[in-house]
$ cat protein05.cif   # mmCIF, C-alpha atoms
data_run
loop_
_atom_site.label_atom_id
_atom_site.label_comp_id
_atom_site.auth_asym_id
_atom_site.auth_seq_id
_atom_site.Cartn_x
_atom_site.Cartn_y
_atom_site.Cartn_z
CA MET X 1 83.65 115.03 151.16
CA ARG X 2 81.97 118.01 149.46
CA LYS X 3 81.61 116.00 146.25
CA LEU X 4 79.94 113.14 148.13
CA TYR X 5 77.42 115.49 149.75
CA LEU X 6 76.65 116.99 146.33
CA LEU X 7 76.11 113.47 145.03
CA LEU X 8 73.59 112.79 147.78
CA ILE X 9 71.77 116.06 147.03
CA ALA X 10 71.61 115.13 143.34
CA LEU X 11 70.16 111.71 144.21
CA ILE X 12 67.47 113.25 146.41
CA THR X 13 66.64 115.78 143.66
CA LEU X 14 66.15 112.95 141.17
CA MET X 15 63.61 111.14 143.35
CA PRO X 16 60.50 113.06 142.15
CA MET X 17 61.73 112.91 138.55
CA MET X 18 61.97 109.12 138.80
CA SER X 19 58.43 108.93 140.15
CA MET X 20 57.14 111.06 137.24
CA ALA X 21 58.96 108.84 134.75
CA GLN X 22 56.82 105.88 135.74
CA SER X 23 53.71 107.60 134.30
CA LEU X 24 55.27 108.86 131.08
CA PRO X 25 54.33 107.14 127.77
CA GLY X 26 56.81 104.49 126.76
CA MET X 27 58.22 104.24 130.26
CA ASN X 28 55.57 102.04 131.87
CA SER X 29 57.61 98.86 131.46
CA ALA X 30 60.49 100.27 133.52
CA ALA X 31 60.24 99.64 137.25
CA TRP X 32 61.87 102.30 139.42
CA LYS X 33 62.75 101.90 143.06
CA LEU X 34 64.10 104.35 145.59
CA ALA X 35 64.73 102.99 149.05
CA LEU X 36 66.63 103.58 152.25
CA ASP X 37 68.98 100.85 153.41
CA PRO X 38 68.67 99.60 157.00
CA ALA X 39 70.29 102.00 159.49
CA THR X 40 72.54 100.54 162.16
CA ALA X 41 73.89 102.06 165.36
CA GLY X 42 76.06 100.23 167.84
CA PHE X 43 79.04 100.02 170.13
CA ARG X 44 82.00 97.74 170.57
CA PHE X 45 84.77 97.22 173.11
CA ASP X 46 88.17 96.51 171.55
CA ASP X 47 91.01 95.43 173.87
CA ASN X 48 93.81 96.03 171.33
CA VAL X 49 92.97 99.04 169.15
CA TYR X 50 96.54 99.52 167.87
CA ARG X 51 96.97 95.81 167.04
CA SER X 52 100.02 95.29 169.22
CA VAL X 53 101.80 91.94 169.40
CA THR X 54 103.01 92.62 172.98
CA ASP X 55 101.00 92.88 176.18
CA SER X 56 102.61 96.22 177.04
CA GLY X 57 101.34 97.73 173.78
CA ARG X 58 97.71 96.69 174.19
CA PHE X 59 95.33 99.62 174.63
CA ALA X 60 91.57 99.16 175.01
CA ASP X 61 88.82 101.53 173.98
CA GLU X 62 85.07 101.78 173.39
CA ILE X 63 83.84 102.69 169.93
CA ALA X 64 80.46 104.05 168.85
CA SER X 65 79.47 103.31 165.25
CA PHE X 66 76.77 104.34 162.79
CA ASP X 67 75.95 103.19 159.26
CA TRP X 68 73.18 104.21 156.87
CA GLY X 69 72.54 104.61 153.17
CA GLY X 70 70.10 104.38 150.30
CA LEU X 71 69.73 103.12 146.76
CA ALA X 72 68.16 103.95 143.42
CA ARG X 73 67.29 101.07 141.10
CA VAL X 74 65.63 100.61 137.73
CA ASP X 75 64.58 97.32 136.09
CA TYR X 76 63.73 97.13 132.41
CA ASP X 77 63.04 93.76 130.80
CA VAL X 78 66.17 91.66 131.50
CA PHE X 79 68.28 94.69 132.46
CA LYS X 80 68.93 96.18 135.89
CA ALA X 81 70.88 99.22 137.06
CA GLN X 82 71.41 100.11 140.71
CA PHE X 83 73.24 102.90 142.50
CA GLU X 84 73.85 102.68 146.25
CA TYR X 85 75.57 104.94 148.76
CA ARG X 86 76.40 104.17 152.40
CA LEU X 87 77.93 106.36 155.09
CA GLY X 88 79.63 104.89 158.15
CA ASP X 89 81.32 106.43 161.16
CA ASP X 90 83.48 105.06 163.99
CA GLN X 91 84.06 107.30 167.04
CA TYR X 92 86.63 106.22 169.66
CA LEU X 93 86.09 107.34 173.24
CA ASN X 94 89.76 107.78 174.24
CA TYR X 95 92.03 107.35 171.21
CA THR X 96 90.31 109.89 169.00
CA ASN X 97 93.04 109.80 166.33
CA LEU X 98 91.51 106.44 165.32
CA ASN X 99 88.15 108.04 164.49
CA ASN X 100 87.28 107.31 160.87
CA LEU X 101 84.56 108.15 158.39
CA LYS X 102 83.61 105.66 155.64
CA ASN X 103 81.92 106.47 152.34
CA ASP X 104 80.93 103.56 150.11
CA ILE X 105 79.58 104.15 146.58
CA ASN X 106 78.35 101.15 144.58
CA LEU X 107 77.13 100.76 141.00
CA LEU X 108 75.63 97.57 139.57
CA LEU X 109 74.71 96.92 135.93
CA SER X 110 73.32 93.51 134.96
CA ALA X 111 71.48 91.63 132.25
CA LYS X 112 69.76 88.27 132.76
CA PRO X 113 68.78 86.76 129.42
CA ALA X 114 67.37 83.23 129.86
CA GLU X 115 69.91 81.07 131.72
CA TRP X 116 72.61 83.76 131.85
CA ASN X 117 73.49 86.58 134.21
CA PHE X 118 76.03 89.14 133.02
CA TYR X 119 77.00 91.83 135.52
CA TYR X 120 79.40 94.67 136.22
CA LYS X 121 80.03 96.04 139.72
CA PHE X 122 81.93 99.18 140.64
CA ASP X 123 82.77 100.10 144.22
CA TYR X 124 84.49 103.27 145.42
CA PHE X 125 85.31 103.08 149.12
CA ILE X 126 86.80 106.08 150.96
CA ARG X 127 88.04 105.89 154.56
CA ASN X 128 89.22 109.10 156.22
CA SER X 129 91.14 109.23 159.50
CA GLN X 130 94.12 110.85 161.22
CA TYR X 131 95.49 107.32 161.70
CA PHE X 132 97.45 106.30 158.59
CA ASP X 133 96.15 102.72 158.53
CA PHE X 134 92.54 103.97 158.35
CA ASN X 135 93.25 106.71 155.79
CA TYR X 136 92.97 105.30 152.27
CA PHE X 137 90.61 104.65 149.39
CA ASP X 138 89.79 101.55 147.32
CA VAL X 139 88.63 101.45 143.71
CA ASN X 140 87.16 98.06 142.84
CA SER X 141 85.76 96.87 139.50
CA LEU X 142 84.29 93.41 138.91
CA LEU X 143 83.03 91.87 135.66
CA GLY X 144 81.24 88.54 135.85
CA ALA X 145 79.06 86.02 134.06
CA MET X 146 76.98 83.16 135.49
CA TRP X 147 75.37 80.33 133.55
CA SER X 148 72.61 78.41 135.33
CA PRO X 149 71.13 75.85 132.89
CA ASN X 150 68.21 73.65 133.87
CA GLY X 151 69.47 71.12 136.33
CA PRO X 152 71.64 71.13 139.45
CA TRP X 153 74.78 72.73 137.97
CA SER X 154 75.79 76.40 137.70
CA TYR X 155 79.03 78.03 136.51
CA GLU X 156 80.49 81.46 137.19
CA ALA X 157 83.52 83.39 135.92
CA GLN X 158 84.77 86.73 137.30
CA PHE X 159 87.49 89.25 136.57
CA LYS X 160 88.37 91.77 139.27
CA ASN X 161 90.58 94.84 139.48
CA LEU X 162 91.21 96.38 142.91
CA ALA X 163 93.47 99.34 143.68
CA ARG X 164 94.23 100.59 147.19
CA GLN X 165 95.99 103.89 147.84
CA TYR X 166 96.89 105.45 151.17
CA TYR X 167 96.67 109.23 151.49
CA SER X 168 99.95 109.47 153.41
CA THR X 169 103.02 110.30 151.31
CA ASP X 170 105.43 108.84 153.87
CA PRO X 171 107.57 106.25 151.96
CA THR X 172 106.89 103.54 154.55
CA ILE X 173 103.13 103.99 153.98
CA TRP X 174 103.20 104.84 150.27
CA SER X 175 105.03 101.55 149.61
CA ARG X 176 101.95 99.63 150.79
CA ASN X 177 99.77 100.85 147.91
CA PHE X 178 98.89 98.00 145.60
CA VAL X 179 96.87 96.95 142.56
CA ASP X 180 95.20 93.53 142.33
CA GLN X 181 94.15 91.89 139.08
CA SER X 182 92.43 88.56 139.53
CA GLY X 183 90.33 85.99 137.70
CA SER X 184 88.24 83.16 139.11
CA PHE X 185 86.04 80.31 137.94
CA SER X 186 83.60 78.33 140.08
CA VAL X 187 81.28 75.36 139.66
CA GLN X 188 78.33 74.72 141.98
CA ARG X 189 76.02 71.73 142.28
CA GLU X 190 72.71 71.72 144.13
CA ILE X 191 72.27 68.25 145.58
CA ASP X 192 68.85 69.14 147.03
CA ASP X 193 67.24 72.06 148.84
CA ARG X 194 69.34 71.30 151.93
CA PHE X 195 72.76 70.56 150.46
CA SER X 196 75.00 72.17 147.83
CA VAL X 197 78.73 72.04 147.04
CA LYS X 198 80.99 74.48 145.25
CA ALA X 199 84.56 74.46 143.91
CA LEU X 200 86.42 77.67 143.05
CA GLY X 201 89.83 78.36 141.56
CA SER X 202 91.40 81.80 141.25
CA TYR X 203 94.59 83.58 140.26
CA THR X 204 95.63 87.03 141.57
CA ASN X 205 98.53 89.26 140.64
CA ARG X 206 99.27 91.93 143.26
CA GLN X 207 101.69 94.71 142.36
CA PHE X 208 102.98 96.86 145.23
CA ASN X 209 104.18 100.43 144.93
CA ARG X 210 107.76 99.46 145.84
CA TYR X 211 110.73 97.77 144.24
CA ALA X 212 111.38 94.10 144.83
CA VAL X 213 114.47 93.18 146.83
CA ALA X 214 116.91 90.28 146.64
CA PHE X 215 120.11 89.15 148.27
CA ASN X 216 123.32 89.49 146.27
CA GLY X 217 125.52 87.30 148.39
CA THR X 218 124.99 88.78 151.85
CA THR X 219 123.93 92.22 150.58
CA LEU X 220 120.27 93.18 150.21
CA THR X 221 119.73 95.06 146.95
CA SER X 222 116.72 96.60 145.23
CA LEU X 223 115.71 95.23 141.84
CA SER X 224 114.63 97.32 138.86
CA SER X 225 111.10 95.85 138.89
CA LEU X 226 108.22 96.47 141.27
CA GLN X 227 107.22 93.75 143.71
CA ASN X 228 104.71 91.31 142.20
CA ASP X 229 103.00 88.58 144.21
CA ASN X 230 101.20 85.87 142.22
CA THR X 231 98.63 83.89 144.21
CA TRP X 232 96.78 80.71 143.21
CA LYS X 233 93.80 79.68 145.35
CA VAL X 234 91.54 76.64 145.52
CA LEU X 235 88.36 76.79 147.63
CA LEU X 236 85.96 73.95 148.40
CA ASN X 237 82.62 74.89 149.97
CA ALA X 238 79.66 72.92 151.31
CA HIS X 239 76.34 74.57 152.19
CA ILE X 240 74.27 72.30 154.45
CA TYR X 241 70.97 72.63 156.29
CA VAL X 242 70.55 69.84 158.80
CA ALA X 243 68.98 69.55 162.27
CA SER X 244 67.62 73.11 161.89
CA ILE X 245 71.20 74.46 161.55
CA LEU X 246 72.29 76.28 158.40
CA GLN X 247 76.01 75.58 157.91
CA ASP X 248 78.81 76.74 155.61
CA ILE X 249 82.05 74.74 155.53
CA ASN X 250 85.13 75.95 153.64
CA PHE X 251 88.50 74.38 152.86
CA GLU X 252 91.03 76.72 151.29
CA GLU X 253 94.56 76.35 149.93
CA GLN X 254 96.70 79.26 148.68
CA ARG X 255 100.14 79.51 147.15
CA THR X 256 101.89 82.85 146.61
CA ASN X 257 105.08 83.25 144.59
CA SER X 258 106.79 86.64 144.88
CA ASN X 259 109.73 88.19 143.05
CA SER X 260 110.74 89.90 146.31
CA TYR X 261 112.72 88.09 148.98
CA GLY X 262 110.72 86.80 151.94
CA PHE X 263 107.19 87.11 150.55
CA SER X 264 106.56 83.69 148.97
CA ASN X 265 104.23 81.68 151.20
CA SER X 266 101.58 78.97 151.53
CA VAL X 267 98.25 79.21 153.35
CA GLN X 268 95.90 76.48 154.55
CA SER X 269 92.56 77.37 156.09
CA VAL X 270 89.40 75.62 157.23
CA SER X 271 86.31 77.41 158.53
CA TRP X 272 82.80 76.64 159.73
CA ALA X 273 79.88 79.06 159.96
CA GLY X 274 76.44 78.22 161.27
CA VAL X 275 73.08 79.81 161.98
CA VAL X 276 70.99 78.32 164.78
CA ARG X 277 67.39 79.44 165.39
CA PRO X 278 66.23 77.89 168.69
CA VAL X 279 62.97 79.87 168.80
CA PRO X 280 61.14 82.16 166.36
CA GLY X 281 62.53 85.70 166.32
CA PHE X 282 65.90 84.71 167.83
CA TYR X 283 68.98 83.16 166.26
CA PHE X 284 72.72 82.68 166.77
CA GLN X 285 75.46 83.22 164.19
CA LEU X 286 78.58 81.15 164.87
CA PHE X 287 81.99 81.22 163.16
CA PHE X 288 85.21 79.27 163.66
CA ARG X 289 88.37 79.17 161.59
CA LEU X 290 91.81 77.52 161.67
CA TYR X 291 94.45 79.39 159.67
CA LEU X 292 98.09 78.54 158.94
CA LYS X 293 100.50 80.68 156.92
CA THR X 294 104.07 79.52 156.19
CA TYR X 295 106.79 81.60 154.53
CA ASP X 296 109.51 80.06 152.37
CA GLN X 297 112.08 82.39 153.99
CA SER X 298 111.88 84.59 157.06
CA PRO X 299 110.36 87.95 156.04
CA LEU X 300 112.52 91.05 156.28
CA ASN X 301 111.99 93.36 159.24
CA LEU X 302 112.01 96.61 157.28
CA PRO X 303 109.44 99.42 157.76
CA ASP X 304 108.77 99.81 154.03
CA LEU X 305 108.31 96.06 153.51
CA GLN X 306 105.32 95.47 155.74
CA LEU X 307 103.56 92.21 155.11
CA GLY X 308 100.42 92.27 152.99
CA PHE X 309 97.57 94.37 154.25
CA ILE X 310 95.14 93.92 157.11
CA ASP X 311 91.44 93.29 156.57
CA GLU X 312 89.94 92.65 160.00
CA ASP X 313 86.53 91.76 158.59
CA SER X 314 87.89 88.43 157.35
CA GLN X 315 90.29 87.58 160.20
CA ASP X 316 87.87 86.22 162.83
CA LEU X 317 89.05 83.00 164.40
CA LEU X 318 86.08 82.63 166.73
CA ALA X 319 82.84 84.62 166.81
CA VAL X 320 79.40 84.25 168.37
CA LYS X 321 76.56 86.68 167.68
CA ALA X 322 73.01 86.60 169.04
CA ASN X 323 70.22 88.34 167.09
CA TRP X 324 66.63 88.94 168.09
CA ASP X 325 63.63 90.62 166.49
CA LEU X 326 62.46 93.64 168.50
CA GLY X 327 59.51 94.45 166.27
CA SER X 328 58.51 94.50 162.64
CA ASP X 329 61.40 96.79 161.62
CA TRP X 330 63.89 96.47 164.48
CA VAL X 331 66.62 93.89 165.11
CA GLY X 332 69.09 93.84 168.02
CA SER X 333 72.35 91.91 168.25
CA LEU X 334 75.13 91.20 170.73
CA GLY X 335 78.38 89.49 169.78
CA VAL X 336 81.82 88.46 170.99
CA SER X 337 84.78 87.59 168.78
CA ARG X 338 88.48 86.85 168.90
CA ILE X 339 90.63 88.02 166.00
CA GLN X 340 94.15 86.91 165.13
CA SER X 341 95.97 88.47 162.21
CA GLU X 342 99.44 88.93 160.80
CA SER X 343 101.36 91.98 162.02
CA ASP X 344 104.14 93.99 160.40
CA GLN X 345 106.66 92.16 162.60
CA PRO X 346 107.95 88.95 160.98
CA GLY X 347 106.48 85.82 162.52
CA ALA X 348 104.36 87.80 164.99
CA TYR X 349 100.57 87.85 165.13
CA TYR X 350 98.38 90.20 167.12
CA ILE X 351 95.24 89.09 168.94
CA LYS X 352 92.26 91.21 169.91
CA ASP X 353 88.99 90.41 171.67
CA ILE X 354 85.89 92.39 170.76
CA ILE X 355 82.47 92.72 172.41
CA SER X 356 79.85 94.44 170.27
CA GLY X 357 76.18 95.40 170.33
CA GLN X 358 74.02 96.78 167.53
CA ILE X 359 70.50 97.97 166.72
CA ARG X 360 69.26 97.82 163.12
CA ARG X 361 66.20 99.65 161.78
CA SER X 362 64.72 98.70 158.40
CA PHE X 363 62.70 101.08 156.24
#
$ encode --input "protein05.cif" --output "structure tokens"
Amino acid sequence: MRKLYLLLIALITLMPMMSMAQSLPGMNSAAWKLALDPATAGFRFDDNVYRSVTDSGRFADEIASFDWGGLARVDYDVFKAQFEYRLGDDQYLNYTNLNNLKNDINLLLSAKPAEWNFYYKFDYFIRNSQYFDFNYFDVNSLLGAMWSPNGPWSYEAQFKNLARQYYSTDPTIWSRNFVDQSGSFSVQREIDDRFSVKALGSYTNRQFNRYAVAFNGTTLTSLSSLQNDNTWKVLLNAHIYVASILQDINFEEQRTNSNSYGFSNSVQSVSWAGVVRPVPGFYFQLFFRLYLKTYDQSPLNLPDLQLGFIDEDSQDLLAVKANWDLGSDWVGSLGVSRIQSESDQPGAYYIKDIISGQIRRSF
């Protein structure tokens, strides 16, 4: 944490130097920008904070949250560099061991010559908590290129490397550390200003920090190689604006082949997202998803072989959020959502219902 505070102090110290640079000879073609990101403060009610699959294990709590940050950016000819830092905090009213602090550091470097956009993104995300599931850090690097020639077609290729590491040294937690290496290619066509379609294909190799296992007859044995899950994904997307409703429709198919017993699976998913603005200054955000995951064999019920990892931000099955403008710089929102996600118990899913409210202030 001390290093992050020093980084913020250094950024603030550089602000007057950046302003002076604009007036120096030879620097007048560089455009500098220092800005504060919107600040958000809110609350939410969560009826299943420990993500239990049984009714007896469901515990509810109220959570206060805060998020704020800032950025420094410079544009020179076709080049752009941007540094951004955000600080977030979740405070639980009753189950204080779930309190967690989030630091997010982002770097973007890009060049846009003519019809091309080459970019590199680096993200360092730190989450600190007494609760092991909220106590980890992610290091994410992404390299991409987009070609948008004259006409309705555009093409994009990306390579991504993501590493997650939990701070706990307990073997059952340490075994969940993983490294992702993935590549994707997408093609998009703009039909008109109200309709576009996109097709994406990707491949991901995920290596866990644990040995793969296999059955030797009726005996479960550890292999000499680490567990590797190879996932192929196809995504079809339609972006439609009709009857004053902005809509996103996604069809997704995934296939994962693992060298460890019980982890090979198939996923089918369809989702719909829409934005409805019945009157100026007020709009609804709607989301609905159907999700089916099928394993080739029944997963093993072992504490150091927990299934995948949980990312609640992408697990909504049903969500409704109302937003309204409270002034030139203020926006309020109120939402309800139901989340279903895979648990660490084979074949069992947990469900949680969330009510949330938020105020956002732009600067």
$ residues_near_point --input "protein05.cif" --point "(73.3, 97.4, 141.0)" --cutoff "6 Å" --atoms "only C-alpha atoms" --output "number ranges by chain"
X: 81-83, 107-109
$ resolve_selection --input "protein05.cif" --expression "the PyMOL selection byres ((chain X and resi 209) around 10)" --output "list in words"
Gln165, Pro171, Ile173, Trp174, Ser175, Arg176, Asn177, Phe178, Val179, Arg206, Gln207, Phe208, Arg210, Tyr211, Ala212, Leu226, Gln227 and Asn228 of chain X
$ residues_around --input "protein05.cif" --residues "range 191-196 of chain X" --least-positions-apart "4" --cutoff "9 Å" --atoms "only C-alpha atoms" --output "ChimeraX atom specification"
/X:152,237-242,246
$ resolve_selection --input "protein05.cif" --expression "the PyMOL selection byres ((chain X and resi 180) around 12)" --output "ChimeraX atom specification"
/X:138-142,159-165,177-179,181-183,203-209,228-231,308
$ closest_residue --input "protein05.cif" --among "X:Arg44, X:Arg338, X:Arg289, X:Lys198" --to "Ser271 in chain X" --atoms "all atoms listed in the file"
X:Arg289
$ resolve_selection --input "protein05.cif" --expression "the PyMOL selection byres ((chain X and resi 45) around 9)" --output "JSON, numbers by chain"
{"X": [43, 44, 46, 47, 60, 61, 62, 63, 353, 354, 355, 356]}
$ residues_around --input "protein05.cif" --residues "Tyr261 in chain X" --least-positions-apart "5" --cutoff "9 Å" --atoms "all atoms listed in the file" --output "PyMOL selection string"
chain X and resi 212-215+297-300
$ atom_distance --input "protein05.cif" --atom1 "CA of Phe125 in chain X" --atom2 "CA of Ala39 in chain X"
18.3 Å
$ closest_residue --input "protein05.cif" --among "X:Thr169, X:Ser184, X:Ser328, X:Gln340" --to "Arg360 in chain X" --atoms "only C-alpha atoms"
X:Ser328
$ build_atoms --input "protein05.cif" --residues "range 259-284 of chain X" --atoms "N, CA and C atoms" --output "PDB file, in the coordinates of the input"
ATOM      1  N   ASN X 259     108.388  87.896 143.556  1.00  0.00           N
ATOM      2  CA  ASN X 259     109.730  88.190 143.050  1.00  0.00           C
ATOM      3  C   ASN X 259     110.573  88.948 144.058  1.00  0.00           C
ATOM      4  N   SER X 260     110.009  89.191 145.254  1.00  0.00           N
ATOM      5  CA  SER X 260     110.740  89.900 146.310  1.00  0.00           C
ATOM      6  C   SER X 260     111.065  88.930 147.433  1.00  0.00           C
ATOM      7  N   TYR X 261     112.260  89.032 147.960  1.00  0.00           N
ATOM      8  CA  TYR X 261     112.720  88.090 148.980  1.00  0.00           C
ATOM      9  C   TYR X 261     111.808  88.123 150.204  1.00  0.00           C
ATOM     10  N   GLY X 262     111.441  86.926 150.679  1.00  0.00           N
ATOM     11  CA  GLY X 262     110.720  86.800 151.940  1.00  0.00           C
ATOM     12  C   GLY X 262     109.215  86.839 151.849  1.00  0.00           C
ATOM     13  N   PHE X 263     108.646  86.967 150.648  1.00  0.00           N
ATOM     14  CA  PHE X 263     107.190  87.110 150.550  1.00  0.00           C
ATOM     15  C   PHE X 263     106.487  85.855 150.020  1.00  0.00           C
ATOM     16  N   SER X 264     107.197  84.917 149.452  1.00  0.00           N
ATOM     17  CA  SER X 264     106.560  83.690 148.970  1.00  0.00           C
ATOM     18  C   SER X 264     106.060  82.876 150.157  1.00  0.00           C
ATOM     19  N   ASN X 265     104.825  82.363 150.063  1.00  0.00           N
ATOM     20  CA  ASN X 265     104.230  81.680 151.200  1.00  0.00           C
ATOM     21  C   ASN X 265     103.133  80.731 150.772  1.00  0.00           C
ATOM     22  N   SER X 266     102.706  79.892 151.721  1.00  0.00           N
ATOM     23  CA  SER X 266     101.580  78.970 151.530  1.00  0.00           C
ATOM     24  C   SER X 266     100.597  79.168 152.673  1.00  0.00           C
ATOM     25  N   VAL X 267      99.313  79.037 152.362  1.00  0.00           N
ATOM     26  CA  VAL X 267      98.250  79.210 153.350  1.00  0.00           C
ATOM     27  C   VAL X 267      97.297  78.023 153.288  1.00  0.00           C
ATOM     28  N   GLN X 268      96.960  77.483 154.440  1.00  0.00           N
ATOM     29  CA  GLN X 268      95.900  76.480 154.550  1.00  0.00           C
ATOM     30  C   GLN X 268      94.878  76.995 155.566  1.00  0.00           C
ATOM     31  N   SER X 269      93.607  76.847 155.225  1.00  0.00           N
ATOM     32  CA  SER X 269      92.560  77.370 156.090  1.00  0.00           C
ATOM     33  C   SER X 269      91.323  76.485 156.016  1.00  0.00           C
ATOM     34  N   VAL X 270      90.680  76.310 157.165  1.00  0.00           N
ATOM     35  CA  VAL X 270      89.400  75.620 157.230  1.00  0.00           C
ATOM     36  C   VAL X 270      88.487  76.434 158.138  1.00  0.00           C
ATOM     37  N   SER X 271      87.232  76.612 157.725  1.00  0.00           N
ATOM     38  CA  SER X 271      86.310  77.410 158.530  1.00  0.00           C
ATOM     39  C   SER X 271      84.927  76.786 158.523  1.00  0.00           C
ATOM     40  N   TRP X 272      84.181  77.104 159.583  1.00  0.00           N
ATOM     41  CA  TRP X 272      82.800  76.640 159.730  1.00  0.00           C
ATOM     42  C   TRP X 272      81.952  77.813 160.204  1.00  0.00           C
ATOM     43  N   ALA X 273      80.834  78.027 159.554  1.00  0.00           N
ATOM     44  CA  ALA X 273      79.880  79.060 159.960  1.00  0.00           C
ATOM     45  C   ALA X 273      78.509  78.422 160.068  1.00  0.00           C
ATOM     46  N   GLY X 274      77.762  78.802 161.080  1.00  0.00           N
ATOM     47  CA  GLY X 274      76.440  78.220 161.270  1.00  0.00           C
ATOM     48  C   GLY X 274      75.449  79.237 161.786  1.00  0.00           C
ATOM     49  N   VAL X 275      74.187  78.992 161.469  1.00  0.00           N
ATOM     50  CA  VAL X 275      73.080  79.810 161.980  1.00  0.00           C
ATOM     51  C   VAL X 275      72.113  78.872 162.682  1.00  0.00           C
ATOM     52  N   VAL X 276      71.871  79.150 163.961  1.00  0.00           N
ATOM     53  CA  VAL X 276      70.990  78.320 164.780  1.00  0.00           C
ATOM     54  C   VAL X 276      69.823  79.177 165.246  1.00  0.00           C
ATOM     55  N   ARG X 277      68.592  78.708 164.988  1.00  0.00           N
ATOM     56  CA  ARG X 277      67.390  79.440 165.390  1.00  0.00           C
ATOM     57  C   ARG X 277      66.609  78.585 166.398  1.00  0.00           C
ATOM     58  N   PRO X 278      66.900  78.738 167.697  1.00  0.00           N
ATOM     59  CA  PRO X 278      66.230  77.890 168.690  1.00  0.00           C
ATOM     60  C   PRO X 278      64.756  78.196 168.851  1.00  0.00           C
ATOM     61  N   VAL X 279      64.369  79.472 168.691  1.00  0.00           N
ATOM     62  CA  VAL X 279      62.970  79.870 168.800  1.00  0.00           C
ATOM     63  C   VAL X 279      62.702  80.935 167.746  1.00  0.00           C
ATOM     64  N   PRO X 280      61.447  81.109 167.334  1.00  0.00           N
ATOM     65  CA  PRO X 280      61.140  82.160 166.360  1.00  0.00           C
ATOM     66  C   PRO X 280      61.558  83.546 166.870  1.00  0.00           C
ATOM     67  N   GLY X 281      62.129  84.353 165.975  1.00  0.00           N
ATOM     68  CA  GLY X 281      62.530  85.700 166.320  1.00  0.00           C
ATOM     69  C   GLY X 281      63.867  85.810 167.035  1.00  0.00           C
ATOM     70  N   PHE X 282      64.602  84.693 167.158  1.00  0.00           N
ATOM     71  CA  PHE X 282      65.900  84.710 167.830  1.00  0.00           C
ATOM     72  C   PHE X 282      66.809  83.689 167.180  1.00  0.00           C
ATOM     73  N   TYR X 283      68.043  84.098 166.866  1.00  0.00           N
ATOM     74  CA  TYR X 283      68.980  83.160 166.260  1.00  0.00           C
ATOM     75  C   TYR X 283      70.414  83.536 166.588  1.00  0.00           C
ATOM     76  N   PHE X 284      71.288  82.518 166.544  1.00  0.00           N
ATOM     77  CA  PHE X 284      72.720  82.680 166.770  1.00  0.00           C
ATOM     78  C   PHE X 284      73.463  82.554 165.445  1.00  0.00           C
TER      79      PHE X 284
END
